[in-house]
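This is my_file.cif (mmCIF, C-alpha atoms and all ligand atoms).
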data_coords
#
loop_
_atom_site.label_atom_id
_atom_site.label_comp_id
_atom_site.auth_asym_id
_atom_site.auth_seq_id
_atom_site.Cartn_x
_atom_site.Cartn_y
_atom_site.Cartn_z
CA MET A 465 0.00 0.00 0.00
CA SER A 466 1.40 3.38 -0.96
CA ILE A 467 1.15 6.47 1.23
CA ARG A 468 -1.56 7.76 -1.12
CA ASP A 469 -3.58 4.55 -0.63
CA LEU A 470 -3.09 4.77 3.13
CA ILE A 471 -4.31 8.36 3.31
CA SER A 472 -7.36 7.61 1.19
CA LYS A 473 -8.15 4.49 3.24
CA VAL A 474 -8.12 6.48 6.51
CA GLN A 475 -10.07 9.28 4.85
CA SER A 476 -12.73 6.82 3.72
CA THR A 477 -13.42 5.56 7.25
CA GLU A 478 -16.75 6.45 8.75
CA TRP A 479 -15.01 8.56 11.36
CA TYR A 480 -13.13 10.67 8.87
CA LEU A 481 -16.22 11.39 6.81
CA ARG A 482 -18.08 12.46 9.94
CA GLU A 483 -15.44 14.30 11.96
CA GLY A 484 -12.07 14.22 10.28
CA SER A 485 -12.26 17.12 7.89
CA ALA A 486 -13.80 19.38 10.50
CA LEU A 487 -11.10 18.48 13.01
CA ALA A 488 -8.33 18.96 10.50
CA GLU A 489 -9.61 22.43 9.72
CA GLN A 490 -10.44 23.59 13.20
CA LYS A 491 -7.89 22.06 15.51
CA TYR A 492 -4.88 21.53 13.37
CA GLU A 493 -3.09 23.20 10.53
CA GLU A 494 -4.00 22.36 6.95
CA GLY A 495 -2.98 18.88 5.90
CA TRP A 496 -2.35 17.68 9.46
CA ILE A 497 -3.54 14.15 8.88
CA ALA A 498 -1.66 13.75 5.61
CA ASN A 499 1.47 15.03 7.35
CA ILE A 500 1.14 12.62 10.26
CA LEU A 501 0.37 9.69 7.99
CA GLN A 502 3.39 10.46 5.83
CA GLU A 503 5.58 10.41 8.95
CA ALA A 504 4.04 7.17 10.19
CA TYR A 505 4.51 5.64 6.75
CA ASN A 506 8.20 6.66 6.74
CA GLN A 507 8.68 5.06 10.12
CA VAL A 508 7.00 1.73 9.48
CA SER A 509 8.59 1.35 6.07
CA GLY A 510 12.09 2.22 7.38
CA ASN A 511 14.72 -0.29 8.32
CA TYR A 512 15.31 -0.21 12.06
CA GLN A 513 18.99 0.44 11.44
CA HIS A 514 18.02 3.69 9.82
CA GLN A 515 16.51 6.48 11.88
CA CYS A 516 13.86 8.20 9.85
CA ASN A 517 13.94 11.88 9.28
CA VAL A 518 11.42 13.05 11.84
CA SER A 519 9.64 16.15 10.61
CA VAL A 520 6.90 15.82 13.22
CA SER A 521 8.30 15.84 16.75
CA ALA A 522 8.14 12.54 18.65
CA PRO A 523 5.63 13.54 21.39
CA ASN A 524 3.31 15.01 18.75
CA ILE A 525 3.36 12.00 16.49
CA ASN A 526 2.76 9.74 19.48
CA ILE A 527 -0.33 11.74 20.48
CA ALA A 528 -1.53 11.89 16.88
CA MET A 529 -1.12 8.14 16.33
CA ARG A 530 -3.02 7.40 19.54
CA PHE A 531 -5.78 9.71 18.39
CA LEU A 532 -5.93 8.05 14.95
CA TYR A 533 -5.91 4.57 16.54
CA LEU A 534 -9.03 5.60 18.45
CA LYS A 535 -10.76 7.24 15.56
CA THR A 536 -10.12 4.51 13.01
CA LYS A 537 -10.90 1.78 15.59
CA GLY A 538 -7.56 0.11 14.96
CA LEU A 539 -7.74 0.15 11.16
CA LEU A 540 -4.74 2.45 10.76
CA THR A 541 -2.61 0.26 13.05
CA LEU A 542 -3.35 -2.83 10.97
CA GLU A 543 -2.63 -1.06 7.69
CA LEU A 544 0.68 0.32 8.98
CA ASN A 545 1.58 -3.15 10.23
CA LYS A 546 1.12 -4.54 6.69
CA ILE A 547 3.62 -1.97 5.45
CA ALA A 548 6.07 -2.97 8.21
CA ALA A 549 5.59 -6.62 7.22
CA ARG A 550 6.49 -5.85 3.64
CA SER A 551 9.51 -3.73 4.60
CA ARG A 552 10.99 -6.14 7.13
CA PRO A 553 9.72 -9.63 6.27
CA LYS A 554 9.92 -12.40 8.87
CA LEU A 555 13.25 -14.21 9.29
CA SER A 556 12.91 -17.92 8.49
CA CYS A 557 16.04 -18.72 10.53
CA LEU A 558 14.32 -18.03 13.88
CA GLU A 559 11.97 -21.01 13.91
CA LYS A 560 14.83 -23.40 13.11
CA GLN A 561 16.79 -22.18 16.13
CA ILE A 562 14.11 -23.12 18.67
CA ARG A 563 15.00 -26.33 20.47
CA GLY A 564 12.81 -29.13 21.85
CA GLU A 565 9.76 -28.32 23.94
CA ARG A 566 10.29 -24.58 23.37
CA SER A 567 8.62 -24.84 19.97
CA VAL A 568 5.50 -26.31 21.65
CA TYR A 569 5.53 -23.43 24.17
CA ALA A 570 5.91 -20.94 21.33
CA ASP A 571 3.06 -22.38 19.26
CA PHE A 572 0.75 -22.51 22.27
CA ALA A 573 1.65 -18.93 23.24
CA LEU A 574 0.82 -17.77 19.70
CA TYR A 575 -2.48 -19.62 19.85
CA GLN A 576 -3.37 -17.90 23.15
CA LEU A 577 -2.25 -14.51 21.83
CA GLY A 578 -4.46 -14.89 18.78
CA LYS A 579 -7.43 -15.84 20.91
CA MET A 580 -7.01 -13.41 23.82
CA GLY A 581 -4.21 -10.93 23.14
CA TYR A 582 -2.41 -12.54 26.10
CA ALA A 583 -0.47 -15.73 26.76
CA THR A 584 1.33 -17.37 29.66
CA MET A 585 4.37 -19.63 29.59
CA SER A 586 6.19 -21.60 32.23
CA SER A 587 9.80 -20.78 32.80
CA LEU A 588 12.09 -21.14 29.80
CA TYR A 589 15.13 -20.37 31.92
CA SER A 590 17.25 -22.02 34.56
CA GLN A 591 16.12 -21.45 38.15
CA ARG A 592 19.75 -20.70 39.04
CA ASN A 593 19.90 -17.76 36.59
CA LEU A 594 16.48 -16.51 37.60
CA ALA A 595 17.50 -16.54 41.26
CA ALA A 596 20.79 -14.78 40.47
CA LEU A 597 18.99 -12.04 38.56
CA ALA A 598 16.31 -11.74 41.25
CA ASP A 599 19.08 -11.13 43.83
CA LYS A 600 20.46 -8.29 41.72
CA VAL A 601 17.03 -6.70 41.22
CA ASN A 602 16.36 -7.02 44.93
CA GLU A 603 19.50 -4.97 45.61
CA MET A 604 18.09 -1.96 43.75
CA VAL A 605 17.36 0.87 46.16
CA ILE A 606 13.86 2.34 46.16
CA PRO A 607 13.89 6.15 46.55
CA ALA A 608 12.39 7.50 49.78
CA ASN A 609 9.34 9.09 48.07
CA SER A 610 8.54 6.11 45.87
CA SER A 611 7.48 2.47 46.04
CA ARG A 612 9.56 1.19 43.15
CA ALA A 613 12.96 1.17 41.54
CA TRP A 614 13.78 0.39 37.92
CA MET A 615 16.69 0.01 35.57
CA GLN A 616 16.98 -0.02 31.78
CA GLY A 617 19.35 0.49 28.84
CA GLU A 618 23.05 -0.26 29.06
CA GLN A 619 22.88 -0.86 32.81
CA VAL A 620 20.52 -3.80 32.30
CA LEU A 621 22.55 -5.33 29.51
CA LYS A 622 25.56 -5.60 31.83
CA HIS A 623 23.89 -8.56 33.53
CA ASN A 624 24.72 -11.89 31.85
CA GLU A 625 21.42 -13.41 33.00
CA VAL A 626 19.52 -10.72 31.08
CA LEU A 627 21.57 -11.46 27.98
CA GLU A 628 20.74 -15.15 28.32
CA PHE A 629 17.01 -14.36 28.40
CA ILE A 630 16.98 -11.97 25.49
CA SER A 631 19.18 -14.21 23.34
CA ASP A 632 16.56 -16.96 23.37
CA PRO A 633 15.13 -17.32 19.83
CA THR A 634 11.80 -18.49 21.35
CA ILE A 635 10.77 -14.99 22.38
CA TRP A 636 11.99 -13.48 19.10
CA TYR A 637 9.98 -16.05 17.17
CA ILE A 638 6.82 -15.35 19.17
CA ALA A 639 7.29 -11.60 18.70
CA GLN A 640 7.94 -12.04 14.98
CA GLU A 641 4.89 -14.22 14.35
CA TYR A 642 2.61 -12.00 16.41
CA LEU A 643 3.86 -8.73 14.94
CA ASN A 644 3.91 -10.20 11.46
CA CYS A 645 7.37 -8.85 10.65
CA GLN A 646 10.96 -8.95 11.86
CA PRO A 647 10.47 -7.53 15.37
CA ILE A 648 12.50 -4.74 16.94
CA LEU A 649 13.52 -5.03 20.60
CA ASN A 650 13.24 -1.52 22.00
CA GLU A 651 13.01 -1.88 25.76
CA VAL A 652 14.52 -4.09 28.47
CA GLN A 653 13.69 -3.08 32.03
CA LEU A 654 14.04 -4.51 35.53
CA TRP A 655 11.50 -3.49 38.16
CA LYS A 656 11.28 -3.84 41.91
CA SER A 657 7.97 -2.77 43.49
CA GLU A 658 6.93 -2.66 47.12
CA PRO A 659 3.78 -1.60 49.01
CA PHE A 660 3.16 2.10 48.58
CA ASN A 661 2.03 4.94 50.71
CA GLU A 662 -1.40 6.00 49.37
CA ALA A 663 -0.65 9.64 50.10
CA LEU A 664 2.41 9.64 47.83
CA HIS A 665 0.90 7.63 45.06
CA ASN A 666 -0.52 8.77 41.73
CA LYS A 667 -2.71 5.80 40.88
CA SER A 668 -3.40 6.78 37.29
CA LYS A 669 0.20 7.64 36.44
CA ASP A 670 1.42 4.37 37.84
CA ALA A 671 -0.88 2.41 35.56
CA LEU A 672 -2.93 0.94 38.41
CA GLU A 673 -6.13 1.91 36.63
CA TRP A 674 -7.52 0.23 33.51
CA HIS A 675 -6.01 1.66 30.34
CA PHE A 676 -4.52 0.71 26.99
CA ASP A 677 -0.99 1.45 25.76
CA HIS A 678 -0.31 3.04 22.42
CA ASP A 679 3.27 4.26 22.42
CA HIS A 680 4.00 2.34 19.21
CA ASN A 681 2.16 1.00 16.22
CA ARG A 682 2.02 -2.72 17.11
CA PHE A 683 3.97 -4.06 20.06
CA LEU A 684 4.29 -7.05 22.40
CA LEU A 685 5.47 -7.21 26.00
CA PHE A 686 7.12 -10.10 27.81
CA LEU A 687 6.84 -9.83 31.60
CA ILE A 688 9.07 -12.34 33.36
CA TYR A 689 8.34 -12.67 37.05
CA LEU A 690 11.51 -12.78 39.12
CA SER A 691 9.60 -13.39 42.34
CA ASP A 692 6.47 -15.35 43.22
CA VAL A 693 3.49 -13.09 42.53
CA LYS A 694 0.25 -13.75 44.41
CA LEU A 695 -2.81 -11.48 44.34
CA SER A 696 -1.34 -9.44 47.21
CA ASN A 697 1.97 -8.91 45.36
CA GLY A 698 0.57 -6.84 42.49
CA PRO A 699 0.05 -9.14 39.49
CA HIS A 700 -0.57 -7.86 35.97
CA GLN A 701 -4.27 -7.88 35.14
CA CYS A 702 -5.93 -7.73 31.72
CA ILE A 703 -9.20 -7.91 29.82
CA PRO A 704 -8.74 -10.40 27.00
CA LYS A 705 -9.49 -9.31 23.44
CA SER A 706 -10.30 -5.72 24.38
CA SER A 707 -8.48 -3.89 21.59
CA PHE A 708 -10.74 -1.39 19.89
CA GLU A 709 -11.58 -3.40 16.80
CA ASN A 710 -13.20 -5.93 19.17
CA MET A 711 -15.08 -3.54 21.44
CA PRO A 712 -18.45 -1.76 21.27
CA SER A 713 -18.33 2.02 20.75
CA PHE A 714 -19.15 2.85 24.38
CA MET A 715 -15.93 1.08 25.41
CA THR A 716 -13.64 2.86 22.96
CA TYR A 717 -12.41 6.10 24.46
CA ASP A 718 -9.08 7.41 25.63
CA GLY A 719 -8.12 7.80 29.29
CA ARG A 720 -8.53 5.60 32.34
CA TYR A 721 -11.47 3.22 32.72
CA GLU A 722 -13.23 3.04 36.08
CA ASP A 723 -13.98 -0.36 37.63
CA VAL A 724 -17.70 0.35 37.33
CA VAL A 725 -17.38 0.78 33.53
CA ILE A 726 -15.64 -2.57 33.22
CA GLU A 727 -18.28 -4.23 35.39
CA ARG A 728 -21.17 -2.75 33.39
CA SER A 729 -19.58 -3.80 30.10
CA GLY A 730 -19.68 -7.43 31.17
CA CYS A 731 -15.96 -7.80 30.36
CA LYS A 732 -14.16 -10.43 32.41
CA SER A 733 -10.69 -9.64 33.72
CA LEU A 734 -7.78 -12.00 34.37
CA ALA A 735 -5.08 -11.55 37.03
CA PHE A 736 -1.77 -13.22 36.23
CA THR A 737 -0.55 -14.68 39.47
CA GLY A 738 2.45 -16.97 39.11
CA GLY A 739 5.81 -18.16 40.34
CA MET A 740 9.35 -16.97 39.73
CA GLY A 741 10.17 -17.55 36.05
CA ASP A 742 6.59 -17.50 34.78
CA ILE A 743 6.21 -15.41 31.66
CA ILE A 744 3.25 -13.29 30.59
CA VAL A 745 3.17 -12.33 26.94
CA ALA A 746 0.91 -9.33 26.57
CA ASP A 747 -0.36 -7.15 23.77
CA THR A 748 -1.16 -4.19 26.00
CA ILE A 749 -3.26 -2.47 23.37
CA ASN A 750 -5.81 -4.58 25.29
CA LEU A 751 -7.12 -3.01 28.49
CA HIS A 752 -4.87 -3.81 31.44
CA ARG A 753 -3.54 -2.55 34.76
CA GLY A 754 -1.15 -3.54 37.51
CA LEU A 755 -2.74 -4.45 40.82
CA PRO A 756 -1.11 -2.70 43.78
CA VAL A 757 1.59 -4.45 45.79
CA ASN A 758 0.02 -4.82 49.24
CA GLU A 759 2.53 -7.25 50.69
CA GLY A 760 6.10 -8.28 50.09
CA ARG A 761 7.57 -7.23 46.77
CA ARG A 762 7.27 -7.89 43.06
CA LEU A 763 10.37 -8.33 40.88
CA VAL A 764 9.90 -8.28 37.11
CA MET A 765 11.90 -8.15 33.91
CA GLN A 766 10.06 -6.50 31.03
CA LEU A 767 10.95 -6.77 27.35
CA ARG A 768 9.12 -4.92 24.61
CA PHE A 769 9.16 -5.67 20.89
CA VAL A 770 7.69 -3.31 18.30
CA ASP A 771 6.89 -3.49 14.60
CA SER A 772 8.44 -0.10 13.80
CA THR A 773 10.66 2.62 15.18
CA GLY A 774 9.55 6.03 16.28
CA PHE A 775 6.39 7.47 17.84
CA THR A 776 7.89 7.92 21.31
CA PRO A 777 10.95 9.72 22.66
CA ARG A 778 11.62 6.95 25.19
CA ASP A 779 12.88 4.52 22.57
CA ASP A 780 16.53 3.70 22.56
CA PHE A 781 17.24 1.91 19.33
CA ASN A 782 20.97 2.56 19.46
CA ILE A 783 21.51 0.30 22.46
CA TYR A 784 19.15 -2.51 21.55
CA GLY A 785 19.66 -2.21 17.77
CA LYS A 786 23.34 -3.09 18.18
CA LEU A 787 22.43 -6.09 20.33
CA GLN A 788 19.76 -7.18 17.84
CA ARG A 789 22.21 -7.08 14.94
CA GLU A 790 24.60 -9.25 16.93
CA LEU A 791 21.88 -11.75 17.82
CA LEU A 792 20.10 -12.05 14.51
CA TYR A 793 22.84 -11.55 11.99
CA ALA A 794 25.77 -13.21 13.73
FE FE B 801 0.17 0.08 30.36
#
Write-out of the structure in structure tokens:
Amino acid sequence: MSIRDLISKVQSTEWYLREGSALAEQKYEEGWIANILQEAYNQVSGNYQHQCNVSVSAPNINIAMRFLYLKTKGLLTLELNKIAARSRPKLSCLEKQIRGERSVYADFALYQLGKMGYATMSSLYSQRNLAALADKVNEMVIPANSSRAWMQGEQVLKHNEVLEFISDPTIWYIAQEYLNCQPILNEVQLWKSEPFNEALHNKSKDALEWHFDHDHNRFLLFLIYLSDVKLSNGPHQCIPKSSFENMPSFMTYDGRYEDVVIERSGCKSLAFTGGMGDIIVADTINLHRGLPVNEGRRLVMQLRFVDSTGFTPRDDFNIYGKLQRELLYA
């Protein structure tokens, strides 16, 4: 699909015919949507080794893409993903590298993802390495005015256990098949969370309320528990299959969703309790939240794969891009 086709496809959606032209005229400068779509097209069709020439600033394009996701009910995301798939086709070598029972885990995870937007897997990693990494995460110091500590970027990649996890072709294969293209690893984080003081806590900011993520076009998270997580330790919680193309109009708005709205909608939520080493694979375009840590602590490693660069200033493709080239093209 060319950029022209993409623009006309978005412009032919029911939303655009009803609201789009008026919005483009009133709220934004002339040609705003065409401009944003051109930038999005450049980013999804670019090779991840090449940073696109960003003519629209990162925070603005992120807000615009979120807005267009809402207004096209996911159509734009799917069309951009097809362009990413054509630009960076899947690597056939990944599947061949998966050993033994891991290919069964991978196929089952993909089945669950297709059905629910979420999947769970038992540990793929040695308990010894998990325990060693958990010890290191546990050593992180939580600031006095907070309930959590985190680490990312080069600091995280110094730990051999992290390198072992992210070198496993199983997760790359799952990300590739789900994202329909050669995936890009753009975030590796370690988190330690403890019970918080209500007075200090911003519940919405800390993602403890129902919401969807849209910092990228299509993306997939792997949450690897590094401690046992019971209901009182703040498990991840989701509503399966709640991306906008699957939801009624009254459930498709931006912002946080109150518990009462979820209850009235009839949607059923799932809380992912589990043991050290359990893995949750999550497309967090679906509604989700983290339950609060009321007891003990929760230790987690989080990996994020995306189908295209850009859209958010938090991305650090230089660090992970180098690692990815070493892993996939060695
Ligand atoms: Fe989130």
Restricting to all atoms listed in the file, whichever of A:Arg753, A:Lys600, A:Lys732, A:Lys786 is closest to Asp677 in chain A is A:Arg753
Best match for closeness to ligand FE 801 (chain B) among A:Arg789, A:Arg761, A:His752, A:His623, counting only C-alpha atoms and all ligand atoms: A:His752
Test item: residues no farther than 9 Å from ligand FE 801 (chain B), counting all atoms listed in the file, as a list in words: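 Going residue by residue within 9 Å of ligand FE 801 (chain B), we get Asp670, Ala671, Leu672, Trp674, His675, Phe676, Asp677, His678, Thr748, Ile749, Leu751, His752, Arg753 and Gly754 of chain A.
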Which distance in Å separates CA of Gly719 in chain A and CA of Ile527 in chain A, to one decimal? 12.4 Å
Applying 8 Å and only C-alpha atoms, which residues near Lys537 in chain A remain after dropping the ones on its own chain fewer than 3 positions away? List them as a ChimeraX atom specification. /A:533-534,540,708-709,716
Excluding Asp469 in chain A and any residue of its chain fewer than 4 positions from it, enumerate the residues within 12 Å of it, using all atoms listed in the file, and give them as a list in words.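 The contact residues come out as Met465, Lys473, Val474, Gln475, Ser476, Ala498, Leu501, Gln502, Tyr505, Leu540, Glu543, Leu544 and Ile547 of chain A.
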